[in-house]
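Text of the file protein29.cif, holding mmCIF, C-alpha atoms:
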```
data_query
#
loop_
_atom_site.label_atom_id
_atom_site.label_comp_id
_atom_site.auth_asym_id
_atom_site.auth_seq_id
_atom_site.Cartn_x
_atom_site.Cartn_y
_atom_site.Cartn_z
CA MET A 9 -5.58 7.52 -6.77
CA LYS A 10 -9.02 6.63 -5.53
CA MET A 11 -9.99 8.58 -2.45
CA ARG A 12 -10.97 6.73 0.72
CA PHE A 13 -14.68 6.94 0.12
CA ALA A 14 -14.62 6.41 -3.66
CA LEU A 15 -15.37 10.06 -4.34
CA ASP A 16 -14.64 10.81 -7.98
CA LEU A 17 -12.77 14.11 -8.01
CA ALA A 18 -12.30 14.15 -11.78
CA GLU A 19 -15.95 14.14 -12.77
CA PRO A 20 -18.86 15.34 -10.62
CA HIS A 21 -21.61 12.91 -9.70
CA GLU A 22 -24.58 13.19 -12.02
CA ARG A 23 -26.91 12.74 -9.08
CA PRO A 24 -26.45 15.06 -6.08
CA VAL A 25 -25.89 13.43 -2.70
CA ARG A 26 -29.06 13.49 -0.64
CA TYR A 27 -28.07 14.59 2.83
CA ARG A 28 -30.50 14.19 5.71
CA ALA A 29 -30.49 17.43 7.66
CA GLY A 30 -29.92 17.12 11.41
CA PRO A 31 -32.33 18.77 13.83
CA VAL A 32 -31.50 22.38 14.59
CA LEU A 33 -30.52 22.92 18.23
CA SER A 34 -30.76 26.05 20.30
CA GLY A 35 -27.58 28.11 20.18
CA VAL A 36 -25.67 29.94 17.51
CA GLY A 37 -24.31 27.69 14.78
CA LEU A 38 -25.11 24.40 16.55
CA LYS A 39 -26.32 21.39 14.59
CA ALA A 40 -26.66 17.74 15.55
CA THR A 41 -24.33 15.27 13.87
CA ARG A 42 -26.14 13.07 11.37
CA VAL A 43 -26.61 9.60 12.83
CA PRO A 44 -26.16 6.46 10.69
CA HIS A 45 -29.26 5.05 9.04
CA GLN A 46 -30.92 2.26 11.02
CA GLN A 47 -31.22 -0.11 8.05
CA PRO A 48 -29.40 1.49 5.12
CA TRP A 49 -29.56 -1.65 2.98
CA ARG A 50 -33.32 -1.10 2.60
CA LEU A 51 -32.86 2.20 0.73
CA PRO A 52 -33.29 2.38 -3.05
CA LEU A 53 -30.01 1.42 -4.68
CA HIS A 54 -29.22 4.91 -6.02
CA GLU A 55 -29.79 6.42 -2.56
CA LEU A 56 -27.71 3.69 -0.98
CA ALA A 57 -24.87 4.39 -3.42
CA ASP A 58 -24.89 8.05 -2.39
CA LEU A 59 -25.08 7.22 1.32
CA VAL A 60 -22.15 4.78 1.46
CA ASN A 61 -20.03 7.33 -0.39
CA VAL A 62 -20.22 9.74 2.54
CA SER A 63 -20.94 7.60 5.62
CA PHE A 64 -18.42 5.00 6.76
CA PHE A 65 -20.69 3.56 9.44
CA ASP A 66 -23.55 3.08 6.99
CA LEU A 67 -21.13 1.33 4.62
CA ALA A 68 -19.98 -0.90 7.50
CA LYS A 69 -23.60 -1.83 8.24
CA VAL A 70 -24.30 -2.73 4.63
CA VAL A 71 -21.16 -4.85 4.12
CA THR A 72 -21.90 -6.66 7.39
CA ALA A 73 -25.48 -7.41 6.33
CA HIS A 74 -24.21 -8.57 2.93
CA ALA A 75 -21.63 -10.84 4.59
CA CYS A 76 -24.32 -12.33 6.83
CA GLY A 77 -26.50 -13.35 3.88
CA LEU A 78 -28.33 -10.28 2.59
CA GLN A 79 -29.11 -10.81 -1.11
CA ARG A 80 -30.16 -7.92 -3.32
CA THR A 81 -29.86 -7.23 -7.02
CA GLY A 82 -26.92 -4.90 -7.74
CA LEU A 83 -25.61 -4.90 -4.17
CA ASP A 84 -22.56 -7.06 -4.84
CA GLU A 85 -21.45 -4.83 -7.72
CA LEU A 86 -22.14 -1.70 -5.67
CA LEU A 87 -19.98 -2.88 -2.77
CA PHE A 88 -17.23 -4.76 -4.58
CA GLY A 89 -17.01 -3.14 -7.99
CA PRO A 90 -13.63 -1.63 -8.94
CA ASP A 91 -14.59 1.85 -7.71
CA ARG A 92 -15.55 0.83 -4.16
CA ILE A 93 -13.93 -2.51 -3.27
CA GLU A 94 -11.11 -0.95 -1.26
CA GLN A 95 -13.56 1.11 0.82
CA SER A 96 -15.63 -2.04 1.44
CA ILE A 97 -12.51 -3.94 2.52
CA ASP A 98 -11.81 -1.15 5.01
CA ALA A 99 -15.37 -1.33 6.33
CA LEU A 100 -15.22 -5.13 6.59
CA THR A 101 -11.97 -4.87 8.54
CA TYR A 102 -13.66 -2.51 10.99
CA ALA A 103 -16.73 -4.76 11.27
CA MET A 104 -14.60 -7.87 11.87
CA HIS A 105 -12.69 -6.18 14.71
CA ASP A 106 -15.93 -4.76 16.13
CA ARG A 107 -17.59 -8.19 16.34
CA GLN A 108 -14.48 -9.77 17.85
CA ILE A 109 -14.10 -7.15 20.58
CA ARG A 110 -17.82 -7.25 21.41
CA ARG A 111 -17.68 -11.06 21.61
CA GLU A 112 -14.64 -10.90 23.91
CA VAL A 113 -16.40 -8.49 26.26
CA CYS A 114 -19.48 -10.73 26.34
CA VAL A 115 -17.41 -13.82 27.16
CA LEU A 116 -15.26 -12.16 29.82
CA SER A 117 -18.24 -10.45 31.48
CA GLY A 118 -20.28 -13.68 31.54
CA ARG A 119 -23.17 -12.63 29.32
CA ARG A 120 -25.69 -14.96 27.70
CA ARG A 121 -24.25 -17.72 25.53
CA GLU A 122 -26.73 -16.98 22.74
CA GLU A 123 -25.42 -13.44 22.41
CA VAL A 124 -21.83 -14.72 22.25
CA GLU A 125 -22.71 -17.26 19.56
CA ASP A 126 -24.53 -14.66 17.45
CA LEU A 127 -21.49 -12.39 17.51
CA ALA A 128 -19.18 -15.31 16.70
CA VAL A 129 -21.29 -16.25 13.66
CA GLN A 130 -21.26 -12.66 12.40
CA GLU A 131 -17.51 -12.37 13.01
CA ARG A 132 -16.81 -15.51 10.95
CA ALA A 133 -19.09 -14.38 8.15
CA VAL A 134 -17.47 -10.95 7.97
CA ARG A 135 -13.97 -12.45 8.06
CA ASP A 136 -14.83 -14.83 5.21
CA ARG A 137 -16.28 -11.98 3.14
CA LEU A 138 -13.19 -9.86 3.87
CA ARG A 139 -10.84 -12.60 2.65
CA ASP A 140 -12.97 -13.06 -0.47
CA ALA A 141 -12.89 -9.31 -1.17
CA GLU A 142 -9.11 -9.23 -0.73
CA ARG A 143 -8.75 -12.08 -3.24
CA ARG A 144 -11.08 -10.25 -5.63
CA LEU A 145 -9.01 -7.07 -5.33
CA LYS A 146 -5.82 -9.02 -6.00
CA ARG A 147 -7.30 -10.60 -9.14
CA HIS A 148 -8.43 -7.17 -10.37
CA ARG A 149 -4.98 -5.70 -9.67
CA ILE A 150 -3.20 -8.50 -11.56
CA ALA A 151 -5.56 -8.08 -14.52
CA GLU A 152 -4.92 -4.31 -14.66
CA LEU A 153 -1.14 -4.69 -14.43
CA THR A 154 -1.14 -7.45 -17.03
CA ALA A 155 -3.22 -5.39 -19.45
CA ALA A 156 -0.83 -2.45 -18.97
CA GLY A 157 2.20 -4.66 -19.69
CA VAL A 158 3.67 -4.35 -16.19
CA LEU A 159 3.07 -8.02 -15.44
CA PRO A 160 4.41 -10.59 -15.65
CA PHE A 161 7.74 -9.33 -14.37
CA PRO A 162 10.62 -10.58 -16.50
CA ALA A 163 12.58 -13.41 -14.92
CA ALA A 164 16.12 -12.68 -13.73
CA THR A 165 18.40 -13.09 -16.71
CA ASP A 166 20.54 -16.21 -17.03
CA ASP A 167 22.56 -14.60 -19.82
CA SER A 168 26.03 -13.87 -18.41
CA ARG A 169 26.62 -11.11 -20.97
CA ARG A 170 23.50 -9.13 -20.06
CA LEU A 171 24.12 -9.64 -16.34
CA ALA A 172 27.72 -8.44 -16.66
CA ARG A 173 26.52 -5.31 -18.50
CA ALA A 174 23.91 -4.63 -15.82
CA TRP A 175 26.40 -5.05 -12.98
CA LEU A 176 28.92 -2.81 -14.72
CA GLY A 177 26.26 -0.11 -15.02
CA ARG A 178 25.39 -0.50 -11.35
CA TYR A 179 29.09 -0.25 -10.46
CA LEU A 180 29.42 3.00 -12.42
CA PRO A 181 26.06 4.66 -11.67
CA ASP A 182 27.05 8.30 -12.22
CA GLU A 183 28.65 7.60 -15.58
CA LYS A 184 25.72 5.44 -16.68
CA GLU A 185 23.15 8.08 -15.66
CA ALA A 186 25.03 10.80 -17.54
CA LEU A 187 25.06 8.60 -20.64
CA VAL A 188 21.33 7.87 -20.34
CA ARG A 189 20.51 11.58 -19.98
CA ARG A 190 22.61 12.51 -23.01
CA LEU A 191 21.24 9.70 -25.20
CA ALA A 192 17.67 10.38 -24.07
CA ALA A 193 18.03 14.09 -24.81
CA ASP A 194 19.35 13.25 -28.27
CA ALA A 195 16.20 11.14 -28.79
CA GLY A 196 13.95 14.04 -27.78
CA VAL A 197 13.07 12.99 -24.21
CA ALA A 198 12.33 15.88 -21.85
CA PRO A 199 14.95 16.32 -19.08
CA SER A 200 12.28 15.90 -16.37
CA ALA A 201 11.44 12.42 -17.66
CA ALA A 202 15.10 11.32 -17.78
CA VAL A 203 16.00 12.20 -14.19
CA HIS A 204 17.45 9.22 -12.36
CA ILE A 205 15.30 8.20 -9.39
CA ARG A 206 17.14 7.43 -6.15
CA SER A 207 14.23 7.33 -3.66
CA ILE A 208 10.48 6.84 -3.46
CA PRO A 209 9.79 10.56 -2.76
CA GLU A 210 11.81 11.48 -5.86
CA LYS A 211 9.77 9.05 -7.95
CA ILE A 212 6.49 10.43 -6.62
CA THR A 213 7.61 14.02 -7.20
CA ARG A 214 8.61 13.23 -10.78
CA CYS A 215 5.22 11.59 -11.45
CA ILE A 216 3.46 14.66 -10.05
CA ASP A 217 5.65 17.07 -12.04
CA ASN A 218 5.13 15.11 -15.27
CA GLY A 219 1.35 15.01 -14.77
CA TRP A 220 1.29 11.23 -14.32
CA LEU A 221 -0.10 11.55 -10.80
CA ALA A 222 -2.74 14.05 -9.64
CA ALA A 223 -1.65 14.79 -6.08
CA PRO A 224 -1.21 18.54 -5.49
CA LEU A 225 1.10 19.54 -2.65
CA THR A 226 -1.36 21.63 -0.63
CA ASP A 227 -0.63 23.69 2.48
CA ALA A 228 -2.23 20.97 4.64
CA VAL A 229 0.08 18.34 3.17
CA ARG A 230 3.17 20.55 3.57
CA GLU A 231 2.22 21.15 7.20
CA LEU A 232 1.90 17.41 7.77
CA ILE A 233 5.25 16.66 6.12
CA GLU A 234 6.98 19.22 8.36
CA LEU A 235 5.61 17.76 11.63
CA ASP A 236 8.12 16.20 13.98
CA GLY A 237 7.77 12.57 15.05
CA LEU A 238 5.72 13.20 18.19
CA ALA A 239 3.29 15.60 16.50
CA PHE A 240 2.88 13.24 13.56
CA ARG A 241 2.15 10.37 15.96
CA ARG A 242 -0.54 12.43 17.72
CA ARG A 243 -2.05 13.22 14.32
CA LEU A 244 -2.36 9.58 13.26
CA ILE A 245 -3.72 8.53 16.67
CA ALA A 246 -6.40 11.23 16.38
CA ASP A 247 -7.24 9.97 12.89
CA ALA A 248 -7.50 6.35 14.05
CA ALA A 249 -9.89 7.40 16.83
CA GLN A 250 -12.56 8.58 14.39
CA GLN A 251 -13.95 6.42 11.60
CA ASP A 252 -16.38 8.79 9.91
CA ALA A 253 -14.15 11.88 9.73
CA ARG A 254 -10.81 10.83 8.24
CA ASP A 255 -7.65 12.92 7.99
CA ASP A 256 -7.16 12.54 4.25
CA ALA A 257 -3.88 14.47 4.23
CA LEU A 258 -2.35 11.26 5.60
CA CYS A 259 -3.22 9.63 2.27
CA HIS A 260 -1.07 11.96 0.19
CA PRO A 261 1.52 9.95 -1.77
CA LEU A 262 4.42 11.84 -0.15
CA VAL A 263 3.12 10.97 3.34
CA LEU A 264 2.00 7.37 2.85
CA ASN A 265 5.25 5.58 3.71
CA ARG A 266 5.78 7.66 6.84
CA TRP A 267 2.18 7.02 7.87
CA ARG A 268 2.60 3.24 7.48
CA ASP A 269 5.89 3.18 9.40
CA GLN A 270 4.55 5.35 12.22
CA LEU A 271 1.43 3.17 12.47
CA THR A 272 3.65 0.12 12.93
CA GLU A 273 5.54 1.91 15.72
CA ALA A 274 2.28 3.02 17.36
CA LEU A 275 0.98 -0.56 17.22
CA ALA A 276 4.14 -1.84 18.92
CA GLU A 277 3.71 0.73 21.70
CA THR A 278 -0.02 0.01 22.13
CA ALA A 279 0.13 -3.80 21.99
CA PRO A 280 1.09 -4.45 25.65
CA SER A 281 -1.69 -2.30 27.10
CA ALA A 282 -4.15 -3.88 24.62
CA ALA A 283 -3.12 -7.38 25.80
CA ASN A 284 -2.02 -8.26 22.28
CA PRO A 285 1.16 -10.38 22.02
CA HIS A 286 2.09 -9.07 18.54
CA THR A 287 1.23 -6.41 15.95
CA LYS A 288 0.16 -8.73 13.11
CA HIS A 289 -3.56 -8.98 13.89
CA LEU A 290 -6.06 -8.77 16.76
CA HIS A 291 -5.37 -11.74 19.04
CA ASP A 292 -8.42 -13.56 20.46
CA LEU A 293 -8.49 -12.38 24.06
CA THR A 294 -10.82 -15.16 25.23
CA LEU A 295 -8.11 -17.78 24.64
CA THR A 296 -5.60 -16.42 27.15
CA SER A 297 -7.13 -13.63 29.25
CA PRO A 298 -7.25 -14.07 33.05
CA PRO A 299 -10.32 -12.92 35.01
CA ARG A 300 -10.71 -9.13 35.15
CA SER A 301 -12.88 -6.69 37.06
CA ALA A 302 -15.49 -4.59 35.28
CA ALA A 303 -13.23 -1.51 35.50
CA GLN A 304 -10.25 -3.43 34.10
CA LEU A 305 -12.38 -4.84 31.32
CA GLY A 306 -13.68 -1.39 30.38
CA GLN A 307 -10.17 0.03 30.19
CA LEU A 308 -8.93 -2.95 28.19
CA HIS A 309 -11.88 -2.60 25.81
CA ASP A 310 -10.88 0.99 25.02
CA ARG A 311 -7.24 0.05 24.40
CA ARG A 312 -8.21 -2.82 22.12
CA ARG A 313 -10.54 -0.55 20.16
CA LEU A 314 -7.63 1.81 19.54
CA PHE A 315 -5.30 -1.09 18.68
CA ALA A 316 -7.86 -2.46 16.20
CA ALA A 317 -8.26 0.98 14.61
CA LEU A 318 -4.48 1.25 14.17
CA LEU A 319 -4.43 -2.19 12.54
CA GLN A 320 -7.23 -1.10 10.23
CA ARG A 321 -5.38 2.07 9.25
CA ARG A 322 -2.15 0.19 8.63
CA SER A 323 -3.94 -2.21 6.28
CA GLU A 324 -5.39 0.81 4.50
CA SER A 325 -1.99 2.47 4.17
CA VAL A 326 -0.50 -0.70 2.66
CA ARG A 327 -3.33 -0.92 0.11
CA LEU A 328 -2.85 2.75 -0.81
CA ILE A 329 0.92 2.30 -1.20
CA THR A 330 0.33 -0.71 -3.44
CA ALA A 331 -2.20 1.23 -5.53
CA LEU A 332 0.20 4.18 -5.76
CA ASN A 333 3.10 2.03 -6.95
CA ASP A 334 0.86 0.29 -9.49
CA GLY A 335 -0.47 3.60 -10.76
CA MET A 336 2.98 5.10 -11.18
CA SER A 337 4.24 2.01 -13.01
CA MET A 338 1.30 2.05 -15.43
CA ALA A 339 1.58 5.81 -16.00
CA GLU A 340 5.29 5.55 -16.77
CA ARG A 341 4.70 2.79 -19.31
CA GLN A 342 1.96 4.75 -21.05
CA ASP A 343 4.17 7.83 -21.46
CA PRO A 344 5.85 8.13 -24.89
CA SER A 345 9.23 8.61 -23.20
CA TYR A 346 9.18 5.09 -21.74
CA GLU A 347 10.37 3.20 -24.81
CA LEU A 348 12.84 5.95 -25.68
CA LEU A 349 14.36 5.74 -22.19
CA LYS A 350 14.58 1.96 -22.41
CA LYS A 351 16.48 2.29 -25.69
CA ALA A 352 18.76 4.97 -24.23
CA GLY A 353 19.48 2.74 -21.24
CA ASP A 354 20.40 -0.17 -23.48
CA GLN A 355 22.73 2.04 -25.52
CA ALA A 356 24.31 3.37 -22.31
CA TYR A 357 25.19 -0.16 -21.16
CA ASP A 358 26.81 -0.86 -24.53
CA GLU A 359 28.84 2.33 -24.29
CA LEU A 360 30.05 1.45 -20.78
CA VAL A 361 31.29 -1.92 -22.05
CA ARG A 362 33.14 -0.13 -24.85
CA ARG A 363 34.71 2.37 -22.41
CA HIS A 364 35.66 -0.14 -19.69
CA PRO A 365 36.46 -3.47 -21.36
CA ASP A 366 38.76 -4.53 -18.48
CA LEU A 367 36.02 -4.14 -15.86
CA TYR A 368 33.45 -5.85 -18.03
CA GLN A 369 35.79 -8.76 -18.76
CA HIS A 370 36.58 -9.18 -15.06
CA ILE A 371 32.87 -9.56 -14.28
CA ARG A 372 32.46 -12.01 -17.19
CA THR A 373 35.41 -14.08 -15.95
CA HIS A 374 33.85 -14.34 -12.50
CA LEU A 375 30.50 -15.38 -13.96
CA ALA A 376 32.08 -17.93 -16.29
CA ARG A 377 32.51 -20.48 -13.48
CA PHE A 378 28.71 -20.60 -13.15
CA GLU A 379 27.97 -21.11 -16.85
CA THR A 380 26.36 -24.40 -17.81
CA ARG A 381 27.07 -23.53 -21.44
CA TYR A 382 28.37 -20.42 -23.13
CA GLY A 383 26.38 -17.38 -22.03
CA ARG A 384 23.98 -19.28 -19.73
CA LEU A 385 24.19 -19.09 -15.94
CA GLN A 386 23.20 -21.35 -13.08
CA LEU A 387 24.29 -19.46 -9.96
CA THR A 388 24.88 -21.49 -6.80
CA VAL A 389 25.34 -18.45 -4.53
CA PRO A 390 22.98 -15.50 -3.93
CA ARG A 391 23.34 -12.84 -6.62
CA ALA A 392 23.78 -10.02 -4.11
CA GLN A 393 26.60 -11.87 -2.38
CA LEU A 394 28.40 -12.60 -5.64
CA ARG A 395 27.92 -9.02 -6.89
CA ALA A 396 29.37 -7.56 -3.67
CA GLN A 397 32.39 -9.86 -3.98
CA ILE A 398 33.02 -8.77 -7.57
CA TYR A 399 32.62 -5.09 -6.67
CA ASP A 400 35.25 -5.46 -3.94
CA GLU A 401 37.67 -6.79 -6.54
CA LEU A 402 36.79 -3.97 -8.95
CA ASP A 403 37.49 -1.46 -6.17
CA ARG A 404 40.97 -2.90 -5.78
CA MET A 405 41.46 -2.64 -9.53
CA ARG A 406 40.38 1.05 -9.47
CA PRO A 407 41.43 2.48 -6.06
CA ALA A 408 40.79 6.06 -7.19
CA CYS A 409 37.08 5.32 -7.79
CA PRO A 410 35.67 3.61 -4.68
CA THR A 411 32.35 1.85 -5.01
CA ALA A 412 29.36 3.77 -3.66
CA ALA A 413 27.50 1.97 -0.91
CA ALA A 414 24.15 2.53 -2.68
CA ARG A 415 25.04 0.34 -5.66
CA ARG A 416 25.74 -2.64 -3.44
#
```
What would the structure in this file look like if it were written as structure tokens?
Amino acid sequence: MKMRFALDLAEPHERPVRYRAGPVLSGVGLKATRVPHQQPWRLPLHELADLVNVSFFDLAKVVTAHACGLQRTGLDELLFGPDRIEQSIDALTYAMHDRQIRREVCVLSGRRREEVEDLAVQERAVRDRLRDAERRLKRHRIAELTAAGVLPFPAATDDSRRLARAWLGRYLPDEKEALVRRLAADAGVAPSAAVHIRSIPEKITRCIDNGWLAAPLTDAVRELIELDGLAFRRRLIADAAQQDARDDALCHPLVLNRWRDQLTEALAETAPSAANPHTKHLHDLTLTSPPRSAAQLGQLHDRRRLFAALLQRRSESVRLITALNDGMSMAERQDPSYELLKKAGDQAYDELVRRHPDLYQHIRTHLARFETRYGRLQLTVPRAQLRAQIYDELDRMRPACPTAAARR
């Protein structure tokens, strides 16, 4: 997976990053934190590329300037090329929230109208650029998945025979999995590649074990996984509070889903104090806010900053989860075992039909009422509902082998 700041961990940069040393302060081991560049977009392009790799705030300045009309040869490709578009989307999200909150404070504190209008123009420009970047990322994702053969997804079958086979296999999962493992082993597939996946963590672990995903389980990641709910919540709040020093352990594939879910819970808890009626996006406070004192406005500003940061992190977690799922799907398809496993699965379904002709025929009989012609379906009820009804009948036919809840 790409890291947050587009750092390539597989191959070192040919050009070393040029850090600007901070002034040395009196005291042992003290050093000033490097401040963002005043106008980073004026740097030579190779220096700018190095800078935005390591400084989120400088990247946010550049994408904001670009959104507001800055034109420069190579800048569009630098910011929105495949290796940095997700980082630029993150920076644009921050910049959009920043302009909105600053505009709200100006309006509610009665500042000059010109200042409010300038912020509103910048906010609209950044939002438009953000939506354009999101569309560009989606097009790139579709192109990658299509080239890898993952897309387009096959349509749900309207062949009653294939559907009956599939539902029989889902009804008898343990027997089907044992058949697949035996047939795959006979075809030369390694046992680790033929393990049936029952959960997202199992899928991620298999991809790591098979070398399809480079995500080592470090001590820092193990420590994060073992945290209880309250400690994990404190960890993600601390991460959201700092933009230029991210907690990258939260981005580990085995942590991503928990991070996203906990961010959603944190947003729900923070929304009332941030005067936000929902957790979908940052509501425009100037449309509904009553008059507030300077102290109230300052406190509300801080809460909305935190709420906006949590929204930003949740968007990031969703993008990373999407990229992870895409990467695993493409890696699985590129592995030589993929086609062998598909063939083993097809053979396993055939063997189940041979072993359990009564169950297969019962499913076919149920589906027959929905056939427009032999072997072709036009279902008038939801598939899940019909499948559950058929499984209940199969349970009554085989009382000694109750249906597992998972296959429903």
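With all atoms listed in the file as the basis for measurement, A:His105 is the residue among A:Arg147, A:His374, A:Arg80, A:His105 that approaches A:Leu293 most closely.
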Give me, as CSV, each residue of stretch 169-278 of chain A that comes within 12 Å of stretch 59-72 of chain A, together with its shortest interatomic pair and the distance in Å at one decimal, counting all atoms listed in the file, with rows ordered by chain and rising residue number.
```
residue,atom,partner,partner_atom,distance
A:Gln250,CA,A:Phe64,CA,10.3
A:Gln251,CA,A:Phe64,CA,6.7
A:Asp252,CA,A:Phe64,CA,5.3
A:Ala253,CA,A:Phe64,CA,8.6
A:Arg254,CA,A:Phe64,CA,9.7
```
Output check: residues returned by the PyMOL selection byres ((chain A and resi 134) around 8), as a ChimeraX atom specification: /A:72,75-76,100,103-104,130-133,135-138
Selection result for the PyMOL selection byres ((chain A and resi 376) around 12) on this file, as a ChimeraX atom specification: /A:166-169,171-172,369-375,377-387
All residues 12 Å or closer to A:Ser323, only C-alpha atoms, same chain fewer than 3 positions away omitted, as a ChimeraX atom specification: /A:94-95,97-102,142,264,267-269,271-272,287-289,316-320,326-330
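Minimum distance to A:Ala257 across A:Asp194, A:Glu401, A:Asp310, A:Glu231 (counting only C-alpha atoms) occurs at A:Glu231.
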Expected selection from the PyMOL selection byres ((chain A and resi 349-359) around 7), given as a PyMOL selection string: chain A and resi 173+177+184+187-188+191-192+345-348+360-363
Gap from atom CA of A:Gly118 to atom CA of A:Leu290 - Å, one decimal: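 Computing the Euclidean distance for atom CA of A:Gly118 and atom CA of A:Leu290 yields 21.1 Å.
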Computed interatomic separation between atom CA of A:Tyr368 and atom CA of A:Met405 (Å): 12.1 Å
With all atoms listed in the file as the counted atoms, please give the residues lying no more than 8 Å from stretch 122-129 of chain A, apart from itself and same-chain residues fewer than 6 positions off, as a tab-separated table (two decimals) with C-alpha atoms, in the coordinates of the input.
```tsv
chain	number	residue	atom	x	y	z
A	107	ARG	CA	-17.59	-8.19	16.34
A	108	GLN	CA	-14.48	-9.77	17.85
A	110	ARG	CA	-17.82	-7.25	21.41
A	111	ARG	CA	-17.68	-11.06	21.61
A	114	CYS	CA	-19.48	-10.73	26.34
A	115	VAL	CA	-17.41	-13.82	27.16
```
Surrounding residues of A:Ile212 excluding itself and chain neighbours under 3 positions, 9 Å, all atoms listed in the file, as a list in words: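 Skipping anything fewer than 3 positions along the chain leaves Ser207, Ile208, Pro209, Cys215, Ile216, Asp217, Leu221, Pro261, Leu262, Leu332 and Met336 of chain A.
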Nearest to A:Glu340, chosen from A:Gly82, A:Pro52, A:Gly219, A:Pro44, with only C-alpha atoms counted in the distances: A:Gly219
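Between atom CA of A:Gln304 and atom CA of A:Asp292 the interatomic distance comes to 17.1 Å.
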Distance criterion (only C-alpha atoms): nearest to A:Leu308 out of A:Leu235, A:Leu225, A:Ile398, A:Ile109: A:Ile109
